[in-house]
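Have a look at the structure below before the remarks.
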Amino acid sequence: MELPSIENLRCFVSAARHLNFRRAAEEVRLTPAAFGQRIQQLEGQLGVALFQRTTRRVELSAEGHRLLPEAQLTLQHAANCVVSVAPEARPDIRLTLGTRFELGNSWVVPAVVAWEIKRPDLTFDVYFGAGPDILHRLEKGLLHAVITSAAVARQDWRVEFLHQEEYAFVAAPSLIAATPFDHATDSVHHVLLDVDETLPLTRYLSSAAGASWNFKDVRLCGMGDAMRQMCLAGRGCGVLPRYIVANDLNDGTLVEVFPDMSMLSDSFRLLFPQTSPFAPQLTEWAKYLRARPLT
């Protein structure tokens, strides 16, 4: 039986990560024609179609999904062959990390930049998406790891704790002065802000307060930073992670509506498959992230 070449597997893994043959060809430094030939060689050798191609998009086939983790493992083992005879050598590794928008912009990307100065052999591509999206991509093998605060419990995923996430119910001082909150359920004159119709951030308040809420209106802002801007403009009140509003609370441009109320908290975690061939690198990455404060 003829075995697949390492280079063909490397092209396949790159194509599976990007789902775009042109970008994948650029990554492995091949012309699009040469790249396409390598994918065709691999498909011909295995006797299956690894991708479903249309004029608009490329998707992994069922066989491609099954091959991806094995191909990644094979490439890592090939890299280990180099390290076994030259321990000082660190083969270049490129991983794709999924995270949500605000955390990615404010914390993950700066951490990636600083990390790659320290470890240029380990590069991270960052994919931004909502919680369900990045978890689905991790499950399908399209991401190597994700950073999330979503409640996930799977035996086949490894969990590395990163940081506790605290929340605050905030509003502009002018809003509170114009119409004070007398108690936890007196919200009928105020507009509630949240990111989407499921009110995922408000639950940290309502669960802690144990009260039913009756707001004047609910406005959906799409993301936490947009909520923050609306709060600063006095357009409503909302629950936001403390790291997003820490400077605003310190300088008084935002205030806590119920400063004595104990809000529910959450935590950021790094998730990746238990069988990941990159577990040592991802564990080192998690340790690095734990040492960086949330911003």
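Labels for the structure tokens follow display order: chains A, B, ..., residues from 1 in each chain, ligands from 1.
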All helix (DSSP H, G or I) residues (DSSP, backbone) inside range 91-177 of chain A, as an MDAnalysis selection string: chainID A and resid 101:118 131:139 173:177
Since we have the selection now, will you write its residues out, keeping C-alpha atoms, as an mmCIF file, in the first residue's frame?
```
data_model
loop_
_atom_site.group_PDB
_atom_site.id
_atom_site.type_symbol
_atom_site.label_atom_id
_atom_site.label_comp_id
_atom_site.auth_asym_id
_atom_site.auth_seq_id
_atom_site.Cartn_x
_atom_site.Cartn_y
_atom_site.Cartn_z
ATOM 1 C CA PHE A 101 -15.199 39.160 19.199
ATOM 2 C CA GLU A 102 -14.607 41.444 22.215
ATOM 3 C CA LEU A 103 -12.268 39.093 24.023
ATOM 4 C CA GLY A 104 -10.406 38.407 20.813
ATOM 5 C CA ASN A 105 -9.820 42.055 19.970
ATOM 6 C CA SER A 106 -8.936 43.270 23.450
ATOM 7 C CA TRP A 107 -7.022 40.313 24.885
ATOM 8 C CA VAL A 108 -6.376 37.349 22.584
ATOM 9 C CA VAL A 109 -4.849 39.197 19.614
ATOM 10 C CA PRO A 110 -2.412 41.236 21.795
ATOM 11 C CA ALA A 111 -1.462 37.979 23.516
ATOM 12 C CA VAL A 112 -0.837 36.317 20.143
ATOM 13 C CA VAL A 113 1.382 39.206 19.032
ATOM 14 C CA ALA A 114 3.437 39.080 22.231
ATOM 15 C CA TRP A 115 3.597 35.276 22.148
ATOM 16 C CA GLU A 116 4.928 35.107 18.582
ATOM 17 C CA ILE A 117 7.793 37.423 19.509
ATOM 18 C CA LYS A 118 8.710 34.929 22.207
ATOM 19 C CA GLY A 131 -20.073 30.639 21.041
ATOM 20 C CA PRO A 132 -22.074 27.949 19.197
ATOM 21 C CA ASP A 133 -20.168 28.613 15.972
ATOM 22 C CA ILE A 134 -16.679 28.188 17.395
ATOM 23 C CA LEU A 135 -17.705 25.085 19.367
ATOM 24 C CA HIS A 136 -19.171 23.550 16.198
ATOM 25 C CA ARG A 137 -15.943 24.279 14.317
ATOM 26 C CA LEU A 138 -13.877 22.705 17.100
ATOM 27 C CA GLU A 139 -16.065 19.603 16.972
ATOM 28 C CA PRO A 173 -24.539 58.448 35.979
ATOM 29 C CA SER A 174 -26.928 60.823 34.183
ATOM 30 C CA LEU A 175 -29.370 57.970 33.559
ATOM 31 C CA ILE A 176 -29.382 56.941 37.204
ATOM 32 C CA ALA A 177 -29.757 60.562 38.346
#
```
Near-Ile39 in chain A list (8 Å; only C-alpha atoms; drop same-chain fewer than 5 positions) as a PyMOL selection string: chain A and resi 8+11-12
12 Å contact set for Glu27 in chain A, only C-alpha atoms, chain neighbours under 6 positions out, as number ranges by chain: A: 10-15, 17-18, 20-21, 35, 94, 125
Residue set, range 17-256 of chain A restricted to strand (DSSP E), as an NGL selection string: :A and (51-53 or 58-60 or 93-99 or 122-128 or 145-148 or 157-165 or 167-171 or 191-194 or 217-220 or 237-241 or 255-256)
Restrict the selected residues to C-alpha atoms and save them as an mmCIF file, in the first residue's frame.
```cif
data_model
loop_
_atom_site.group_PDB
_atom_site.id
_atom_site.type_symbol
_atom_site.label_atom_id
_atom_site.label_comp_id
_atom_site.auth_asym_id
_atom_site.auth_seq_id
_atom_site.Cartn_x
_atom_site.Cartn_y
_atom_site.Cartn_z
ATOM 1 C CA PHE A 51 -13.792 18.292 -0.391
ATOM 2 C CA GLN A 52 -17.176 19.249 -1.746
ATOM 3 C CA ARG A 53 -16.577 22.026 -4.266
ATOM 4 C CA VAL A 58 -15.370 24.628 -0.508
ATOM 5 C CA GLU A 59 -16.440 22.311 2.305
ATOM 6 C CA LEU A 60 -14.916 19.188 3.805
ATOM 7 C CA ILE A 93 3.577 24.893 13.877
ATOM 8 C CA ARG A 94 0.521 26.868 12.803
ATOM 9 C CA LEU A 95 -2.713 26.485 14.754
ATOM 10 C CA THR A 96 -6.144 28.063 14.365
ATOM 11 C CA LEU A 97 -7.762 29.457 17.505
ATOM 12 C CA GLY A 98 -11.431 30.378 17.839
ATOM 13 C CA THR A 99 -12.696 33.082 20.176
ATOM 14 C CA LEU A 122 4.285 28.585 17.001
ATOM 15 C CA THR A 123 1.873 30.761 15.014
ATOM 16 C CA PHE A 124 -1.829 31.278 15.734
ATOM 17 C CA ASP A 125 -4.473 32.167 13.184
ATOM 18 C CA VAL A 126 -7.503 33.652 14.970
ATOM 19 C CA TYR A 127 -11.105 32.941 13.989
ATOM 20 C CA PHE A 128 -13.815 35.195 15.445
ATOM 21 C CA ALA A 145 -8.730 25.111 20.105
ATOM 22 C CA VAL A 146 -11.222 27.692 21.324
ATOM 23 C CA ILE A 147 -11.341 30.216 24.144
ATOM 24 C CA THR A 148 -14.857 30.407 25.539
ATOM 25 C CA TRP A 157 -12.316 17.766 25.161
ATOM 26 C CA ARG A 158 -9.575 18.957 27.461
ATOM 27 C CA VAL A 159 -10.282 22.075 29.517
ATOM 28 C CA GLU A 160 -7.617 24.544 30.638
ATOM 29 C CA PHE A 161 -8.876 27.249 33.036
ATOM 30 C CA LEU A 162 -7.652 30.728 32.058
ATOM 31 C CA HIS A 163 -9.425 33.512 33.993
ATOM 32 C CA GLN A 164 -12.454 34.195 36.127
ATOM 33 C CA GLU A 165 -14.942 36.496 34.399
ATOM 34 C CA TYR A 167 -19.834 41.025 35.556
ATOM 35 C CA ALA A 168 -21.324 44.394 36.465
ATOM 36 C CA PHE A 169 -24.766 45.921 35.853
ATOM 37 C CA VAL A 170 -23.896 49.420 34.620
ATOM 38 C CA ALA A 171 -25.397 52.663 33.363
ATOM 39 C CA VAL A 191 -34.159 50.408 28.589
ATOM 40 C CA LEU A 192 -32.265 47.134 28.880
ATOM 41 C CA LEU A 193 -29.313 46.497 26.550
ATOM 42 C CA ASP A 194 -28.034 43.047 25.573
ATOM 43 C CA ASP A 217 -37.805 48.292 26.313
ATOM 44 C CA VAL A 218 -35.033 45.921 25.271
ATOM 45 C CA ARG A 219 -32.450 46.964 22.680
ATOM 46 C CA LEU A 220 -30.155 44.469 21.012
ATOM 47 C CA CYS A 237 -28.366 49.948 31.089
ATOM 48 C CA GLY A 238 -26.874 46.492 30.785
ATOM 49 C CA VAL A 239 -24.711 43.733 32.200
ATOM 50 C CA LEU A 240 -21.140 43.717 30.893
ATOM 51 C CA PRO A 241 -17.913 41.899 31.776
ATOM 52 C CA VAL A 255 -21.551 53.418 37.529
ATOM 53 C CA GLU A 256 -22.870 50.168 38.932
#
```
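Going from CA of Thr295 in chain A to CA of Ser276 in chain A covers 28.8 Å.
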Surrounding residues of Met263 in chain A excluding itself and chain neighbours under 3 positions, 9 Å, only C-alpha atoms, as an MDAnalysis selection string: chainID A and resid 166:169 204:209
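For the set A:Glu26, A:Asp266, A:Glu63, A:Glu43, the residue with the smallest atom-to-atom gap to Ser5 in chain A is A:Glu43, counting only C-alpha atoms.
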